[in-house]
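Undergrad: One structure follows; several queries about it will come next.
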Amino acid sequence: MRQKVTVVGAGNVGATAAQRLVEREIADVVLIDILEGIPQGKALDMMESAPVEGFDAKITGANVYDTSEGSDVVVVTAGLARKPGMTRDDLVAKNSEIVAGVVREAAARSPEAILIVVSNPLDAMCEVARRVSGFPRERVFGMAGILDSARMRWFIAEALDVSVESTHAFVLGGHGDTMVPLPRYSTVAGIPITELLPKEKLDAIVQRTRDGGIEIVNYYKTGSAYYAPSSAVVEMVDAVLKDKKKILPCAAYLQGEYGMTDVYLGVPVKLGRRGVEEIIEITLLPEEKEALERSAQAVRELFSILKV
Ligand SMILES: NC(=O)c1ccc[n+]([C@@H]2O[C@H](COP(=O)([O-])OP(=O)(O)OC[C@H]3O[C@@H](n4cnc5c(N)ncnc54)[C@H](O)[C@@H]3O)[C@@H](O)[C@H]2O)c1
């Protein structure tokens, strides 16, 4: 029997993630949205692509949570996306209400599930999901670092004209303007990019990574990125369901790691069937540590205005 993933939010990120999950037969998917007909229509449309694409995983759409019962993983993408001129933080009030409602419903029906949060502002929405579900921190974490590093990897590959597969990038911190890309730990075939690119180019890549979300928002105008975000979600679901124990940057709840407590922050974790099985601590230079602390401070400020 295939494992079961509920994706809440049948918008751009949710529907694309659902599509990638069934096309790769990673799990059967229940797609949920408040919009009547949208999850049902998208699910049927995807099933009708199955004979051509050649997958047997099933996807069903719904407006209520009954069919999500017993899910192994719940992915939360419900919420509003950023519009031009809007920061992720502007979304906090509206999306915390939405995420709290979604998690209440989903967690009650799948008490053993792993919750992967995508809705923005990411680190604050992870905290909403943790508080509302009451799940242990191992089972409530967020997607951001894989996306931010994937962006950085593409910029590195483009700059050096090498395969994206030979690149590795390291991005820590909150998923916002204070994220901390680390060129020192970013490599091409194991060689730090600090040895391969001049400082101006490195600085430009770091800045473009930080602005990666808004660059796409400025193109789309009415929404935000979803192809790369949905790929990142699927890598996390896959790592969990296949117990891969992959080391991936995720938004995890820190309790002492990196000298911080009670805050969600992007850090490298070991992702397996139990969720965040370990938080990997790497040695940081004083200025990197400072940048991480600034990032944590920005996240804490959002926590302080949460109403759940
Ligand atoms: N963490 C990241 O790196 C990252 C990347 C991209 C997008 N996001 C965030 O993910 C979220 C979704 O982005 P999107 O582009 O898919 O947006 P979208 O507008 O295309 O989709 C959001 C969907 O959520 C649904 N929704 C709203 N309230 C709901 C509720 N109470 N229950 C169920 N469904 C509900 C909407 O009807 C809509 O279909 C946004 O908050 C966005 O900022 C995060």
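In the structure tokens, chains take the letters A, B, ... in the order shown, each chain's residues start at 1, and ligands count up from 1 in the order shown.
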Select the residues contacting ligand 1 at a distance of at most 9 Å, based on only C-alpha atoms and all ligand atoms, then format the selection as a ChimeraX atom specification.
TA: /A:8-16,32-36,38-39,63-64,76-82,88,91,95,97-102,117-123,142-148,175,213,223-230,232-233
Undergrad: Do you have the atom CA of A:Ala291-atom CA of A:Phe303 distance handy?
TA: 18.7 Å
Undergrad: Would you give me, as JSON, numbers by chain, the residues in stretch 132-297 of chain A that DSSP reads as alpha helix (DSSP H)?
TA: {"A": [132, 133, 145, 146, 147, 148, 149, 150, 151, 152, 153, 154, 155, 156, 157, 158, 159, 160, 199, 200, 201, 202, 203, 204, 205, 206, 207, 208, 209, 210, 212, 213, 214, 215, 216, 217, 218, 219, 220, 227, 228, 229, 230, 231, 232, 233, 234, 235, 236, 237, 238, 239, 240, 241, 286, 287, 288, 289, 290, 291, 292, 293, 294, 295, 296, 297]}
Undergrad: Running DSSP on the backbone, which parts of stretch 29-196 of chain A land in strand (DSSP E or B), as a PDB file with C-alpha atoms, in the first residue's frame?
TA:
```pdb
ATOM      1  CA  VAL A  29      -2.414  12.408  -2.341  1.00  0.00           C
ATOM      2  CA  VAL A  30      -5.468  14.102  -0.856  1.00  0.00           C
ATOM      3  CA  LEU A  31      -5.657  17.694  -2.086  1.00  0.00           C
ATOM      4  CA  ILE A  32      -7.752  20.053   0.043  1.00  0.00           C
ATOM      5  CA  ILE A  59      -5.031  11.849  -6.105  1.00  0.00           C
ATOM      6  CA  THR A  60      -8.404  12.957  -4.782  1.00  0.00           C
ATOM      7  CA  GLY A  61      -9.689  16.452  -4.113  1.00  0.00           C
ATOM      8  CA  ALA A  62     -11.892  17.649  -1.251  1.00  0.00           C
ATOM      9  CA  VAL A  73       2.530  13.618   5.955  1.00  0.00           C
ATOM     10  CA  VAL A  74       0.459  16.810   5.833  1.00  0.00           C
ATOM     11  CA  VAL A  75       1.810  19.675   3.728  1.00  0.00           C
ATOM     12  CA  VAL A  76       0.335  23.092   4.539  1.00  0.00           C
ATOM     13  CA  ILE A 114       4.509  14.852  10.021  1.00  0.00           C
ATOM     14  CA  LEU A 115       3.577  18.472   9.316  1.00  0.00           C
ATOM     15  CA  ILE A 116       5.518  20.302   6.626  1.00  0.00           C
ATOM     16  CA  VAL A 117       4.660  23.990   6.591  1.00  0.00           C
ATOM     17  CA  VAL A 140       6.596  20.136  12.695  1.00  0.00           C
ATOM     18  CA  PHE A 141       9.011  21.886  10.392  1.00  0.00           C
ATOM     19  CA  GLY A 142       9.097  24.144   7.394  1.00  0.00           C
ATOM     20  CA  THR A 167      26.774  22.286  -7.033  1.00  0.00           C
ATOM     21  CA  HIS A 168      25.973  22.423  -3.360  1.00  0.00           C
ATOM     22  CA  VAL A 171      21.706  28.853   3.310  1.00  0.00           C
ATOM     23  CA  LEU A 172      20.835  29.299   6.978  1.00  0.00           C
ATOM     24  CA  GLY A 173      18.505  31.562   8.938  1.00  0.00           C
ATOM     25  CA  VAL A 180      22.145  33.820   5.694  1.00  0.00           C
ATOM     26  CA  PRO A 181      23.679  32.319   2.513  1.00  0.00           C
ATOM     27  CA  THR A 187      30.795  24.116  -3.283  1.00  0.00           C
ATOM     28  CA  VAL A 188      31.202  22.829  -6.807  1.00  0.00           C
ATOM     29  CA  ILE A 191      35.527  22.956  -3.976  1.00  0.00           C
ATOM     30  CA  PRO A 192      34.324  26.015  -2.016  1.00  0.00           C
TER      31      PRO A 192
END
```
Undergrad: Quick check, in Å to one decimal: how far apart do atom CA of A:Tyr65 and atom CA of A:Arg109 lie?
TA: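 Between atom CA of A:Tyr65 and atom CA of A:Arg109 the gap works out to 7.6 Å.
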Undergrad: Would you mind telling me which residue in A:Ser231, A:Ser186, A:Gln19, A:Thr178 lies nearest to A:Gln297 when using only C-alpha atoms?
TA: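 Going through A:Ser231, A:Ser186, A:Gln19, A:Thr178 one by one, the smallest distance to A:Gln297 is for A:Thr178.
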Undergrad: For A:Leu306, which of A:Arg139, A:Met125, A:Pro183, A:Met47 is the closest residue, counting only C-alpha atoms?
TA: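 Counting only C-alpha atoms, the residue closest to A:Leu306 is A:Met125.
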Undergrad: Could you list, as a PyMOL selection string, every residue within 8 Å of A:Arg153, counting only C-alpha atoms and ignoring same-chain residues fewer than 3 positions away?
TA: chain A and resi 149-150+156-157+164+167-169
Undergrad: Atom CA of A:Ile193 and atom CA of A:Asp161, how far apart in Å?
TA: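 One can read the atom CA of A:Asp161 to atom CA of A:Ile193 distance as 13.0 Å.
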